[in-house]
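The next block is start-v4.txt, given as compact mmCIF, C-alpha atoms and all ligand atoms.
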# COMPACT_ATOMS: atom_id res chain seq x y z
CA MET A 192 -10.15 -8.77 45.92
CA PRO A 193 -8.99 -11.82 47.81
CA THR A 194 -10.99 -14.92 47.10
CA ARG A 195 -11.84 -17.49 49.70
CA SER A 196 -13.93 -20.57 49.36
CA ARG A 197 -14.49 -23.55 51.55
CA LYS A 198 -16.20 -26.83 50.92
CA THR A 199 -16.28 -29.49 53.56
CA ALA A 200 -16.72 -33.12 52.63
CA GLU A 201 -18.53 -35.25 55.18
CA THR A 202 -16.64 -38.33 54.00
CA ARG A 203 -13.32 -37.27 55.57
CA PRO A 204 -12.02 -39.41 58.41
CA ALA A 205 -12.45 -37.78 61.81
CA ASN A 206 -8.72 -37.83 62.48
CA ALA A 207 -7.79 -36.15 59.17
CA GLY A 208 -5.30 -33.35 59.62
CA ARG A 209 -5.84 -29.71 58.85
CA VAL A 210 -2.96 -28.64 56.64
CA LEU A 211 -1.83 -25.30 55.25
CA VAL A 212 0.03 -25.23 51.93
CA SER A 213 1.46 -21.85 50.95
CA GLY A 214 2.15 -21.62 47.25
CA GLY A 215 -0.28 -24.51 46.76
CA ALA A 216 -1.33 -23.42 43.27
CA GLY A 217 2.24 -23.63 42.03
CA PHE A 218 4.01 -26.44 40.29
CA ILE A 219 5.21 -28.47 43.29
CA GLY A 220 2.46 -27.16 45.57
CA SER A 221 -0.45 -28.32 43.45
CA HIS A 222 0.92 -31.87 43.18
CA LEU A 223 1.43 -31.91 46.96
CA VAL A 224 -2.11 -30.66 47.56
CA GLU A 225 -3.51 -33.52 45.45
CA ARG A 226 -1.56 -36.02 47.52
CA LEU A 227 -2.64 -34.53 50.86
CA VAL A 228 -6.29 -34.45 49.78
CA ALA A 229 -5.99 -38.09 48.70
CA ARG A 230 -4.77 -39.10 52.17
CA GLY A 231 -7.80 -37.38 53.70
CA ASP A 232 -6.33 -34.09 54.95
CA ARG A 233 -8.38 -30.92 55.06
CA VAL A 234 -6.17 -28.64 53.01
CA CYS A 235 -6.08 -24.87 52.97
CA VAL A 236 -4.15 -23.38 50.04
CA VAL A 237 -2.84 -19.83 50.09
CA ASP A 238 -1.52 -18.56 46.79
CA ASP A 239 -1.47 -15.07 45.31
CA LEU A 240 -1.32 -16.57 41.81
CA SER A 241 1.77 -14.53 40.93
CA THR A 242 3.44 -17.60 39.46
CA GLY A 243 0.90 -20.20 40.59
CA VAL A 244 -2.10 -20.95 38.36
CA GLU A 245 -5.54 -21.64 39.79
CA SER A 246 -6.30 -24.27 37.14
CA ASN A 247 -3.44 -26.35 38.62
CA LEU A 248 -5.86 -27.06 41.48
CA ALA A 249 -8.73 -28.11 39.20
CA PRO A 250 -8.57 -31.82 40.17
CA VAL A 251 -9.17 -30.98 43.86
CA ARG A 252 -10.79 -27.56 43.67
CA ASP A 253 -14.08 -28.59 45.28
CA ARG A 254 -12.34 -30.38 48.16
CA ILE A 255 -10.02 -27.65 49.44
CA GLU A 256 -10.19 -24.22 50.96
CA PHE A 257 -8.51 -21.66 48.73
CA VAL A 258 -7.31 -18.23 49.82
CA GLY A 259 -6.30 -16.34 46.68
CA ARG A 260 -4.19 -13.75 48.39
CA ASP A 261 -0.65 -12.81 49.28
CA LEU A 262 0.49 -15.04 52.17
CA SER A 263 1.48 -12.09 54.31
CA LEU A 264 -2.02 -10.58 54.12
CA ALA A 265 -3.68 -13.98 54.52
CA LEU A 266 -1.72 -14.62 57.74
CA GLU A 267 -2.79 -11.21 59.05
CA HIS A 268 -6.44 -11.60 58.11
CA GLU A 269 -8.13 -14.85 56.99
CA LEU A 270 -5.77 -17.17 58.88
CA ARG A 271 -5.00 -14.97 61.88
CA ALA A 272 -6.90 -17.11 64.38
CA GLU A 273 -6.55 -20.42 62.56
CA ARG A 274 -4.44 -23.37 63.66
CA PHE A 275 -3.08 -26.22 61.57
CA ASP A 276 -1.66 -29.69 62.23
CA GLN A 277 0.99 -29.27 59.53
CA ILE A 278 2.28 -26.45 57.33
CA TYR A 279 4.08 -26.78 53.99
CA HIS A 280 5.68 -23.48 53.02
CA LEU A 281 6.25 -23.52 49.28
CA ALA A 282 5.41 -19.91 48.45
CA ALA A 283 8.56 -18.42 46.96
CA ALA A 284 9.97 -16.41 44.12
CA VAL A 285 11.12 -19.14 41.75
CA GLY A 286 13.31 -19.41 38.71
CA VAL A 287 16.52 -17.90 37.48
CA GLU A 288 14.83 -15.36 35.24
CA LEU A 289 12.56 -13.99 37.96
CA VAL A 290 15.49 -13.63 40.31
CA MET A 291 17.56 -11.85 37.67
CA ASN A 292 14.72 -9.58 36.47
CA GLU A 293 13.01 -8.76 39.76
CA PRO A 294 15.62 -9.18 42.50
CA VAL A 295 13.86 -7.01 45.10
CA ARG A 296 10.64 -8.97 44.78
CA ALA A 297 12.55 -12.25 44.90
CA ILE A 298 14.57 -11.38 48.03
CA GLU A 299 11.63 -9.87 49.89
CA THR A 300 9.30 -12.75 49.03
CA ASN A 301 11.75 -15.36 50.17
CA VAL A 302 12.88 -13.72 53.40
CA ASP A 303 9.84 -11.79 54.68
CA LEU A 304 7.25 -14.48 54.00
CA THR A 305 9.24 -17.24 55.66
CA ALA A 306 9.89 -15.10 58.73
CA GLN A 307 6.20 -14.29 59.04
CA LEU A 308 5.15 -17.87 58.45
CA LEU A 309 7.50 -19.23 61.11
CA ARG A 310 6.16 -16.70 63.62
CA PHE A 311 2.67 -17.92 62.77
CA ALA A 312 3.69 -21.59 63.13
CA SER A 313 5.37 -20.87 66.48
CA ALA A 314 2.05 -19.80 68.02
CA SER A 315 0.99 -23.45 68.07
CA ASN A 316 4.31 -25.26 67.59
CA THR A 317 3.11 -26.58 64.22
CA PRO A 318 5.34 -29.00 62.29
CA THR A 319 6.43 -26.95 59.26
CA LEU A 320 8.24 -27.91 56.09
CA ILE A 321 10.31 -25.12 54.58
CA ALA A 322 11.06 -25.42 50.87
CA SER A 323 14.65 -24.48 50.15
CA SER A 324 16.84 -25.01 47.14
CA SER A 325 20.05 -26.63 45.99
CA GLU A 326 21.03 -23.05 45.08
CA VAL A 327 21.91 -22.67 48.78
CA TYR A 328 25.14 -24.57 48.10
CA GLY A 329 26.32 -21.74 45.85
CA LYS A 330 29.30 -22.81 43.75
CA PRO A 331 31.16 -25.35 45.84
CA GLY A 332 33.34 -26.51 42.96
CA LYS A 333 32.44 -30.18 43.32
CA GLU A 334 29.76 -32.38 41.87
CA LEU A 335 28.20 -34.09 44.89
CA PHE A 336 26.38 -31.81 47.35
CA SER A 337 25.96 -32.93 50.99
CA GLU A 338 23.90 -31.09 53.58
CA GLU A 339 26.81 -30.29 55.91
CA ASP A 340 29.07 -28.95 53.14
CA ASP A 341 30.45 -25.42 53.32
CA VAL A 342 28.76 -23.02 50.92
CA LEU A 343 30.50 -20.55 48.60
CA TYR A 344 28.81 -17.55 47.01
CA GLY A 345 29.97 -14.85 44.63
CA PRO A 346 30.01 -11.17 45.59
CA THR A 347 26.82 -9.29 46.51
CA SER A 348 27.16 -7.27 43.29
CA VAL A 349 26.20 -10.41 41.37
CA THR A 350 22.40 -10.65 41.63
CA ARG A 351 22.29 -14.39 41.09
CA TRP A 352 23.62 -15.14 44.56
CA SER A 353 20.83 -13.16 46.26
CA TYR A 354 18.51 -16.10 45.69
CA ALA A 355 20.91 -18.51 47.39
CA CYS A 356 21.45 -16.11 50.30
CA SER A 357 17.72 -15.46 50.76
CA LYS A 358 17.06 -19.18 50.93
CA ALA A 359 20.00 -19.63 53.32
CA ILE A 360 18.46 -17.02 55.64
CA ASP A 361 15.19 -18.99 55.51
CA GLU A 362 17.12 -22.07 56.55
CA TYR A 363 18.92 -20.32 59.41
CA LEU A 364 15.61 -19.03 60.68
CA ALA A 365 13.84 -22.39 60.44
CA LEU A 366 16.71 -24.17 62.20
CA ALA A 367 16.79 -21.48 64.89
CA TYR A 368 13.05 -21.88 65.56
CA ALA A 369 13.57 -25.64 65.78
CA ARG A 370 16.56 -25.30 68.09
CA GLU A 371 14.61 -23.03 70.43
CA GLY A 372 11.76 -25.56 70.51
CA ARG A 373 9.32 -23.12 68.92
CA VAL A 374 8.64 -24.87 65.55
CA PRO A 375 9.51 -28.46 64.57
CA ALA A 376 10.74 -27.27 61.19
CA VAL A 377 12.10 -29.49 58.42
CA VAL A 378 14.11 -27.93 55.58
CA CYS A 379 14.11 -29.50 52.12
CA ARG A 380 16.65 -28.50 49.50
CA PHE A 381 15.04 -29.29 46.17
CA PHE A 382 17.27 -30.31 43.28
CA ASN A 383 15.82 -29.70 39.78
CA THR A 384 12.26 -30.92 40.34
CA VAL A 385 10.43 -31.45 37.05
CA GLY A 386 7.01 -32.55 35.83
CA PRO A 387 3.65 -31.55 34.44
CA ARG A 388 2.51 -27.96 35.22
CA GLN A 389 6.06 -26.60 35.45
CA LEU A 390 6.40 -23.26 33.75
CA GLY A 391 9.12 -22.96 31.12
CA ASP A 392 8.62 -19.18 31.36
CA TYR A 393 10.84 -19.00 34.42
CA GLY A 394 13.84 -20.57 32.78
CA MET A 395 13.43 -24.25 33.66
CA VAL A 396 15.10 -26.33 31.01
CA VAL A 397 12.92 -29.45 30.77
CA PRO A 398 9.56 -27.76 30.03
CA ARG A 399 11.37 -25.41 27.66
CA PHE A 400 12.86 -28.28 25.69
CA VAL A 401 9.56 -30.17 25.62
CA ARG A 402 7.68 -27.11 24.41
CA ALA A 403 10.25 -26.47 21.67
CA ALA A 404 10.24 -30.14 20.62
CA LEU A 405 6.43 -30.17 20.32
CA ALA A 406 6.50 -26.95 18.27
CA GLY A 407 9.26 -28.27 15.98
CA GLU A 408 11.47 -25.37 17.07
CA PRO A 409 15.18 -25.67 17.91
CA LEU A 410 16.13 -26.73 21.43
CA ARG A 411 18.48 -24.07 22.76
CA VAL A 412 21.32 -25.61 24.79
CA TYR A 413 23.30 -23.02 26.76
CA GLY A 414 27.08 -23.30 26.63
CA ASP A 415 28.34 -26.54 25.11
CA GLY A 416 25.74 -28.68 26.90
CA SER A 417 28.30 -30.66 28.91
CA GLN A 418 26.96 -29.27 32.21
CA SER A 419 24.88 -31.84 34.11
CA ARG A 420 21.88 -31.95 36.42
CA CYS A 421 19.79 -34.62 38.18
CA PHE A 422 16.09 -34.21 37.41
CA CYS A 423 13.52 -35.60 39.84
CA ASP A 424 9.85 -36.07 39.01
CA VAL A 425 7.55 -33.88 41.09
CA ARG A 426 5.36 -36.88 41.96
CA ASP A 427 8.31 -38.62 43.62
CA VAL A 428 9.09 -35.42 45.52
CA THR A 429 5.52 -34.92 46.74
CA GLU A 430 5.27 -38.53 47.86
CA LEU A 431 8.30 -37.91 50.07
CA LEU A 432 7.39 -34.59 51.70
CA PRO A 433 4.51 -35.72 53.97
CA ARG A 434 6.58 -38.70 55.12
CA LEU A 435 9.47 -36.41 55.97
CA LEU A 436 7.33 -33.91 57.86
CA GLY A 437 5.65 -36.76 59.72
CA GLU A 438 9.01 -38.16 60.88
CA PRO A 439 9.80 -36.76 64.36
CA THR A 440 13.57 -37.17 63.97
CA ALA A 441 13.53 -34.96 60.85
CA ALA A 442 12.69 -31.82 62.83
CA GLY A 443 15.48 -29.26 62.94
CA ARG A 444 17.33 -30.83 60.02
CA VAL A 445 18.08 -30.06 56.38
CA PHE A 446 17.48 -32.68 53.69
CA ASN A 447 18.50 -32.88 50.06
CA VAL A 448 15.50 -33.92 47.96
CA GLY A 449 15.91 -35.06 44.38
CA SER A 450 17.31 -37.69 42.09
CA ASP A 451 20.98 -38.64 42.06
CA SER A 452 21.09 -39.78 38.41
CA PRO A 453 22.90 -37.12 36.38
CA ILE A 454 22.36 -36.28 32.71
CA THR A 455 24.13 -33.63 30.65
CA ILE A 456 21.98 -30.89 29.13
CA MET A 457 23.01 -32.01 25.63
CA GLU A 458 21.92 -35.58 26.46
CA LEU A 459 18.68 -34.18 27.83
CA ALA A 460 18.00 -32.31 24.58
CA GLU A 461 18.60 -35.51 22.60
CA LEU A 462 16.39 -37.52 24.97
CA VAL A 463 13.51 -35.04 24.62
CA ILE A 464 13.74 -35.13 20.81
CA ASP A 465 13.92 -38.96 20.73
CA THR A 466 11.14 -39.45 23.27
CA LEU A 467 8.74 -37.12 21.48
CA LYS A 468 9.90 -38.20 17.99
CA SER A 469 10.38 -34.53 17.19
CA GLU A 470 11.88 -33.04 14.03
CA SER A 471 13.51 -30.27 16.10
CA THR A 472 17.22 -29.53 15.89
CA ILE A 473 19.57 -28.63 18.75
CA ILE A 474 21.46 -25.36 18.73
CA THR A 475 24.07 -24.24 21.22
CA VAL A 476 23.74 -20.72 22.57
CA PRO A 477 26.73 -18.91 24.15
CA TYR A 478 26.14 -18.04 27.79
CA SER A 479 26.62 -14.34 26.98
CA ASP A 480 23.57 -14.52 24.66
CA ALA A 481 21.52 -16.74 26.99
CA TYR A 482 22.08 -14.52 30.01
CA PRO A 483 22.90 -10.98 28.76
CA GLY A 484 22.82 -9.70 32.36
CA GLY A 485 25.60 -12.14 33.27
CA PHE A 486 25.07 -15.43 35.08
CA GLU A 487 27.37 -18.07 36.48
CA ASP A 488 25.96 -21.43 35.45
CA LEU A 489 26.92 -24.42 37.59
CA ARG A 490 28.83 -27.16 35.80
CA HIS A 491 27.50 -30.12 37.74
CA ARG A 492 25.03 -30.65 40.56
CA ARG A 493 24.15 -33.95 42.21
CA PRO A 494 22.56 -34.44 45.63
CA ASP A 495 23.97 -36.76 48.26
CA LEU A 496 20.77 -38.56 49.31
CA THR A 497 22.26 -40.53 52.22
CA ARG A 498 20.51 -38.48 54.87
CA VAL A 499 16.98 -38.60 53.45
CA ARG A 500 17.35 -42.31 52.71
CA GLU A 501 18.42 -42.99 56.29
CA ALA A 502 15.58 -40.90 57.71
CA VAL A 503 12.60 -42.18 55.74
CA GLY A 504 13.87 -44.18 52.75
CA PHE A 505 13.67 -42.65 49.30
CA ASP A 506 14.23 -43.61 45.71
CA ALA A 507 12.94 -41.55 42.83
CA SER A 508 11.06 -44.16 40.81
CA THR A 509 9.79 -42.15 37.82
CA VAL A 510 12.14 -42.35 34.84
CA LEU A 511 12.92 -39.14 32.97
CA ILE A 512 11.38 -40.43 29.73
CA GLN A 513 8.04 -40.81 31.54
CA THR A 514 8.29 -37.30 32.97
CA ILE A 515 9.02 -35.90 29.49
CA ARG A 516 5.98 -37.73 28.06
CA ASP A 517 3.74 -36.46 30.87
CA ILE A 518 4.94 -32.88 30.46
CA ALA A 519 4.21 -33.14 26.73
CA ALA A 520 0.71 -34.54 27.41
CA SER A 521 0.01 -31.75 29.86
CA LEU A 522 1.21 -29.13 27.37
CA ARG A 523 -0.91 -30.57 24.58
CA GLN A 524 -3.93 -30.64 26.86
CA SER A 525 -3.55 -27.04 27.97
CA ALA A 526 -3.04 -25.99 24.34
CA SER A 527 -6.21 -27.82 23.27
CA LEU A 528 -8.15 -26.24 26.16
CA GLY A 529 -6.70 -22.85 25.22
CA SER A 530 -5.96 -22.45 28.91
CA GLU A 531 -3.19 -20.39 30.40
CA GLY A 532 -2.61 -23.19 32.90
CA GLY A 533 -0.56 -26.32 32.43
CA VAL A 534 3.11 -26.29 31.86
N1 LIG B 601 19.45 -24.42 30.08
C1 LIG B 601 19.56 -24.58 28.70
N2 LIG B 601 18.54 -24.11 27.90
C2 LIG B 601 17.42 -23.50 28.42
C3 LIG B 601 17.32 -23.35 29.84
C4 LIG B 601 18.37 -23.83 30.62
O1 LIG B 601 20.54 -25.14 28.20
O2 LIG B 601 16.53 -23.12 27.66
C5 LIG B 601 20.53 -24.98 30.94
C6 LIG B 601 21.01 -24.03 32.04
O3 LIG B 601 22.05 -23.19 31.58
C7 LIG B 601 21.50 -25.03 33.07
C8 LIG B 601 20.57 -26.23 32.92
O4 LIG B 601 19.97 -26.08 31.64
O5 LIG B 601 22.82 -25.45 32.80
C9 LIG B 601 19.48 -26.29 33.96
O6 LIG B 601 18.81 -25.06 33.99
P1 LIG B 601 17.52 -24.78 34.89
O7 LIG B 601 17.23 -23.32 34.80
O8 LIG B 601 16.43 -25.71 34.51
O9 LIG B 601 17.98 -25.19 36.35
P2 LIG B 601 19.27 -24.79 37.25
O10 LIG B 601 20.15 -23.88 36.46
O11 LIG B 601 18.69 -24.16 38.45
O12 LIG B 601 19.92 -26.09 37.53

Please render this file's structure as C-alpha cells.
Amino acid sequence: MPTRSRKTAETRPANAGRVLVSGGAGFIGSHLVERLVARGDRVCVVDDLSTGVESNLAPVRDRIEFVGRDLSLALEHELRAERFDQIYHLAAAVGVELVMNEPVRAIETNVDLTAQLLRFASASNTPTLIASSSEVYGKPGKELFSEEDDVLYGPTSVTRWSYACSKAIDEYLALAYAREGRVPAVVCRFFNTVGPRQLGDYGMVVPRFVRAALAGEPLRVYGDGSQSRCFCDVRDVTELLPRLLGEPTAAGRVFNVGSDSPITIMELAELVIDTLKSESTIITVPYSDAYPGGFEDLRHRRPDLTRVREAVGFDASTVLIQTIRDIAASLRQSASLGSEGGV
C-alpha cells in the first residue's frame, strides 16, 4: 500500500516554495530534503524505498509530505493534479552492482521515470534538476572530464555501459525539453558523492572501507589501487543544488558536480585506516575476482569544475577525513540503534 502523510507547519514563510524531490529518501536526496526544509520550502518526497530508507528522513519526517510509492504511480495518482515551484529528480537505479545484477530494472528506472517526470514538469514549466552521473563520459581515456567532451562507450554486449547510456538519454531528453522551452531543466553530473547514509551494499568504496575498518576486517582494494577518484561530501553537493536550480542561466545546461582533488584508492584505504585508528589490513583483489561478470574499471576520473564555478561559484569545503569520520559515526549510530538505516 502506498503511504502518504502530510503535516503543515504554520511557521513557514508565505513565499516558501513547494518542492518535489523524487528519490528523497535516498542518500543524496535525504540530505537535500533537510536543506530545503531548513530554507523554508514545503517539500514533497516521493520514494519507493527500493534503495532509499525511510529512516534517512527522520530528522525532517514531521515537516514533509511523504509519498512512499513508485514515482511513476505517484505521478499518475497522488501528484496528478499537483504543481510545484521546483523539482529535483534524484530517483534512479544507483550503483555498479545494481546495474550489473539487475540491468533491466536499472535501464527502465533511469529512462522511463525521467521521461515521465519531464512530461509532468512540462505541464507547468517547472524548473527541474535532473541528476546524472560522471558515468555518462564513458571511458574517454583522459583524466579530466569537461562537459562538452566527446563520450566513448563500450559495446552494447557489455552491461556496464547501459547505465551510462540510460543517463545520457535522460540528459538528451532534459536538454530537448529545455531547448523547446517546455522545462527549464538543469543537468548535474555527479562525481563520486560520499557521506553519511551512503549504502556500501551497492558497491560504493568509501562506506565499504569505513565499514570494514570499524569491523577490523581487511579493506579490499580492487586491482593494484593506483586508480584514482575525487570524492565530494554530500553536504557540499546539496548546498550547491538549490543554488544551481535557482540560477536562470543554468537552465538547459549540463554541470559537473563534485570535488577536483584526486586520491588513489590505495591512498584512500590508508586514510580510512589512519583516520579511524583501525587495526584492519589492506588486501588487493584482482578485478576478475571483484567483478566476476566482467567490468571495465576507470583508471582516473576528475571533474573540470570551471563551468559550475563560473555559474554560481563552488568549492567543496568538507575534507575527506571529516567525511570518513562522519560516515563512521553514522554507521556506529545505526548499529547501536539496530536500525537498517544509516550507511
Ligand atoms: N573499489 C575498491 N573496493 C571496493 C569497492 C570499490 O577498490 O570495495 C574501487 C573500484 O574498483 C573503483 C573505485 O574503488 O576503482 C571507486 O569505486 P566506486 O564503486 O565507489 O565508484 P566508481 O567506480 O563509480 O567511481

Show me a table, sorted first by chain and then by increasing residue number, of the residues of chain A having an atom at most 10 Å from ligand LIG 601 (chain B), each with its shortest atom pair and the distance in Å to one decimal, counting only C-alpha atoms and all ligand atoms and written as a Markdown table.
| residue | atom | partner | partner_atom | distance |
| --- | --- | --- | --- | --- |
| A:Val285 | CA | B:LIG601 | O11 | 9.7 |
| A:Gly286 | CA | B:LIG601 | O7 | 6.8 |
| A:Val287 | CA | B:LIG601 | O7 | 6.1 |
| A:Glu288 | CA | B:LIG601 | O7 | 8.3 |
| A:Ser324 | CA | B:LIG601 | O11 | 8.9 |
| A:Ser325 | CA | B:LIG601 | O11 | 8.0 |
| A:Glu326 | CA | B:LIG601 | O11 | 7.1 |
| A:Phe381 | CA | B:LIG601 | O11 | 10.0 |
| A:Phe382 | CA | B:LIG601 | O12 | 7.6 |
| A:Asn383 | CA | B:LIG601 | O12 | 5.9 |
| A:Thr384 | CA | B:LIG601 | O8 | 8.9 |
| A:Val385 | CA | B:LIG601 | O8 | 8.7 |
| A:Gly391 | CA | B:LIG601 | O2 | 8.2 |
| A:Asp392 | CA | B:LIG601 | O2 | 9.6 |
| A:Tyr393 | CA | B:LIG601 | O7 | 7.7 |
| A:Gly394 | CA | B:LIG601 | O7 | 4.8 |
| A:Met395 | CA | B:LIG601 | O8 | 3.4 |
| A:Val396 | CA | B:LIG601 | O8 | 3.8 |
| A:Val397 | CA | B:LIG601 | O8 | 6.3 |
| A:Pro398 | CA | B:LIG601 | O8 | 8.5 |
| A:Arg399 | CA | B:LIG601 | O2 | 5.6 |
| A:Phe400 | CA | B:LIG601 | O2 | 6.6 |
| A:Ala403 | CA | B:LIG601 | O2 | 9.3 |
| A:Leu410 | CA | B:LIG601 | O2 | 7.2 |
| A:Arg411 | CA | B:LIG601 | N2 | 5.1 |
| A:Val412 | CA | B:LIG601 | O1 | 3.5 |
| A:Tyr413 | CA | B:LIG601 | O1 | 3.8 |
| A:Gly414 | CA | B:LIG601 | O1 | 7.0 |
| A:Asp415 | CA | B:LIG601 | O1 | 8.5 |
| A:Gly416 | CA | B:LIG601 | O1 | 6.4 |
| A:Ser417 | CA | B:LIG601 | O5 | 8.5 |
| A:Gln418 | CA | B:LIG601 | O5 | 5.7 |
| A:Ser419 | CA | B:LIG601 | O5 | 6.8 |
| A:Arg420 | CA | B:LIG601 | O12 | 6.3 |
| A:Cys421 | CA | B:LIG601 | O12 | 8.6 |
| A:Phe422 | CA | B:LIG601 | O12 | 9.0 |
| A:Thr455 | CA | B:LIG601 | C8 | 8.5 |
| A:Ile456 | CA | B:LIG601 | O4 | 5.8 |
| A:Met457 | CA | B:LIG601 | O1 | 7.7 |
| A:Leu459 | CA | B:LIG601 | O4 | 9.0 |
| A:Ala460 | CA | B:LIG601 | O1 | 8.4 |
| A:Ile474 | CA | B:LIG601 | O1 | 9.5 |
| A:Thr475 | CA | B:LIG601 | O1 | 7.9 |
| A:Val476 | CA | B:LIG601 | O1 | 7.8 |
| A:Pro477 | CA | B:LIG601 | O1 | 9.7 |
| A:Tyr478 | CA | B:LIG601 | O3 | 7.6 |
| A:Ala481 | CA | B:LIG601 | O3 | 7.9 |
| A:Tyr482 | CA | B:LIG601 | O3 | 8.8 |
| A:Phe486 | CA | B:LIG601 | O3 | 9.0 |
| A:Glu487 | CA | B:LIG601 | O3 | 8.9 |
| A:Asp488 | CA | B:LIG601 | O5 | 5.7 |
| A:Leu489 | CA | B:LIG601 | O5 | 6.4 |
| A:Arg490 | CA | B:LIG601 | O5 | 6.9 |
| A:His491 | CA | B:LIG601 | O5 | 8.3 |
| A:Arg492 | CA | B:LIG601 | O12 | 7.5 |

> Quick one: distance from CA of Pro433 in chain A to CA of Asn447 in chain A in Å, one decimal?
Replying inline: 14.8 Å

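Going from CA of Tyr368 in chain A to CA of Asn301 in chain A covers 16.8 Å.
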
Could you make a table, as a Markdown table, of the residues of range 358-411 of chain A that have an atom within 7 Å of an atom of range 513-528 of chain A, each with its nearest atom pair and distance in Å to one decimal, counting all atoms listed in the file, in chain and number order?
| residue | atom | partner | partner_atom | distance |
| --- | --- | --- | --- | --- |
| A:Gly386 | CA | A:Thr514 | CA | 5.7 |
| A:Pro387 | CA | A:Ile518 | CA | 4.4 |
| A:Pro398 | CA | A:Ile518 | CA | 6.9 |
| A:Val401 | CA | A:Ala519 | CA | 6.2 |

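The neighbours of Val228 in chain A here are the residues that come within 10 Å of it, using all atoms listed in the file and leaving out any residue fewer than 2 positions away in the same chain; they are Arg203, Ala207, Gly208, Val210, Leu223, Val224, Glu225, Arg226, Arg230, Gly231, Asp232, Arg233, Val234, Val251, Arg254 and Ile255 of chain A.
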
>> Restricting the calculation to all atoms listed in the file: of A:Trp352, A:Phe336, A:Tyr363, A:Tyr328, which residue gets closest to Leu496 in chain A?
In response: A:Phe336

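For the pair CA of Leu436 in chain A and CA of Gln277 in chain A, the separation is 8.0 Å.
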
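Of the listed residues (A:Val212, A:Tyr354, A:Ser452, A:Glu339), A:Tyr354 comes nearest to Val302 in chain A; the distances count all atoms listed in the file.
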
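The nearest approach to Arg426 in chain A among the residues A:Ser450, A:Ser213, A:Thr319, A:Ser471, with only C-alpha atoms taken into account, belongs to A:Ser450.
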
>> Excluding Arg444 in chain A and its own-chain neighbours fewer than 2 positions away, which residues fall within 10 Å of it when counting only C-alpha atoms? Please give them as a list in words.
In response: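 Using only C-alpha atoms, the neighbours found are Glu338, Glu362, Ala365, Leu366, Ala369, Arg370, Pro375, Ala376, Val377, Val378, Cys379, Thr440, Ala441, Ala442, Phe446 and Arg498 of chain A.
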
>> So that I can check the surroundings of Glu245 in chain A, please list as an MDAnalysis selection string every protein, DNA and RNA residue that reaches within 10 Å of it, counting only C-alpha atoms and ignoring chain neighbours fewer than 5 positions away.
In response: chainID A and resid 215:217 221 238:240 252 257 259 531:532

> Within 9 Å of Gly345 in chain A, counting only C-alpha atoms, which residues qualify if same-chain residues fewer than 4 places away don't, as a list in words?
Replying inline: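 After dropping sequence-adjacent residues, the list is Gly329, Lys330, Val349, Arg351 and Trp352 of chain A.
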
Same residues, C-alpha atoms, output as an mmCIF file, in the coordinates of the input:
data_model
loop_
_atom_site.group_PDB
_atom_site.id
_atom_site.type_symbol
_atom_site.label_atom_id
_atom_site.label_comp_id
_atom_site.auth_asym_id
_atom_site.auth_seq_id
_atom_site.Cartn_x
_atom_site.Cartn_y
_atom_site.Cartn_z
ATOM 1 C CA GLY A 329 26.320 -21.740 45.850
ATOM 2 C CA LYS A 330 29.300 -22.810 43.750
ATOM 3 C CA VAL A 349 26.200 -10.410 41.370
ATOM 4 C CA ARG A 351 22.290 -14.390 41.090
ATOM 5 C CA TRP A 352 23.620 -15.140 44.560
#

Residues of range 289-407 of chain A at most 12 Å from range 260-271 of chain A: nearest atom pair and distance in Å, all atoms listed in the file, as CSV:
residue,atom,partner,partner_atom,distance
A:Glu299,CA,A:Ser263,CA,11.3
A:Thr300,CA,A:Ser263,CA,9.5
A:Asn301,CA,A:Leu262,CA,11.4
A:Val302,CA,A:Ser263,CA,11.6
A:Asp303,CA,A:Ser263,CA,8.4
A:Leu304,CA,A:Ser263,CA,6.3
A:Thr305,CA,A:Ser263,CA,9.4
A:Ala306,CA,A:Ser263,CA,10.0
A:Gln307,CA,A:Ser263,CA,7.0
A:Leu308,CA,A:Leu266,CA,7.6
A:Leu309,CA,A:Leu266,CA,10.8
A:Arg310,CA,A:Leu266,CA,10.0
A:Phe311,CA,A:Leu266,CA,7.4
A:Ala312,CA,A:Leu266,CA,10.3
A:Ala314,CA,A:Arg271,CA,10.5

Starting from the incomplete input, reconstruct N, CA and C atoms of range 520-528 of chain A and write that as a JSON list (two decimals), in the coordinates of the input.
[["chain", "number", "residue", "atom", "x", "y", "z"],
["A", 520, "ALA", "N", 2.18, -34.32, 27.39],
["A", 520, "ALA", "CA", 0.71, -34.54, 27.41],
["A", 520, "ALA", "C", 0.02, -33.35, 28.07],
["A", 521, "SER", "N", 0.61, -32.87, 29.14],
["A", 521, "SER", "CA", 0.01, -31.75, 29.86],
["A", 521, "SER", "C", 0.03, -30.48, 29.00],
["A", 522, "LEU", "N", 1.11, -30.29, 28.26],
["A", 522, "LEU", "CA", 1.21, -29.13, 27.37],
["A", 522, "LEU", "C", 0.19, -29.21, 26.25],
["A", 523, "ARG", "N", 0.06, -30.41, 25.68],
["A", 523, "ARG", "CA", -0.91, -30.57, 24.58],
["A", 523, "ARG", "C", -2.31, -30.31, 25.09],
["A", 524, "GLN", "N", -2.59, -30.81, 26.32],
["A", 524, "GLN", "CA", -3.93, -30.64, 26.86],
["A", 524, "GLN", "C", -4.23, -29.17, 27.12],
["A", 525, "SER", "N", -3.26, -28.45, 27.69],
["A", 525, "SER", "CA", -3.55, -27.04, 27.97],
["A", 525, "SER", "C", -3.65, -26.25, 26.68],
["A", 526, "ALA", "N", -2.92, -26.68, 25.64],
["A", 526, "ALA", "CA", -3.04, -25.99, 24.34],
["A", 526, "ALA", "C", -4.42, -26.24, 23.75],
["A", 527, "SER", "N", -4.92, -27.50, 23.88],
["A", 527, "SER", "CA", -6.21, -27.82, 23.27],
["A", 527, "SER", "C", -7.35, -27.16, 24.04],
["A", 528, "LEU", "N", -7.13, -26.92, 25.37],
["A", 528, "LEU", "CA", -8.15, -26.24, 26.16],
["A", 528, "LEU", "C", -8.05, -24.73, 25.99]]
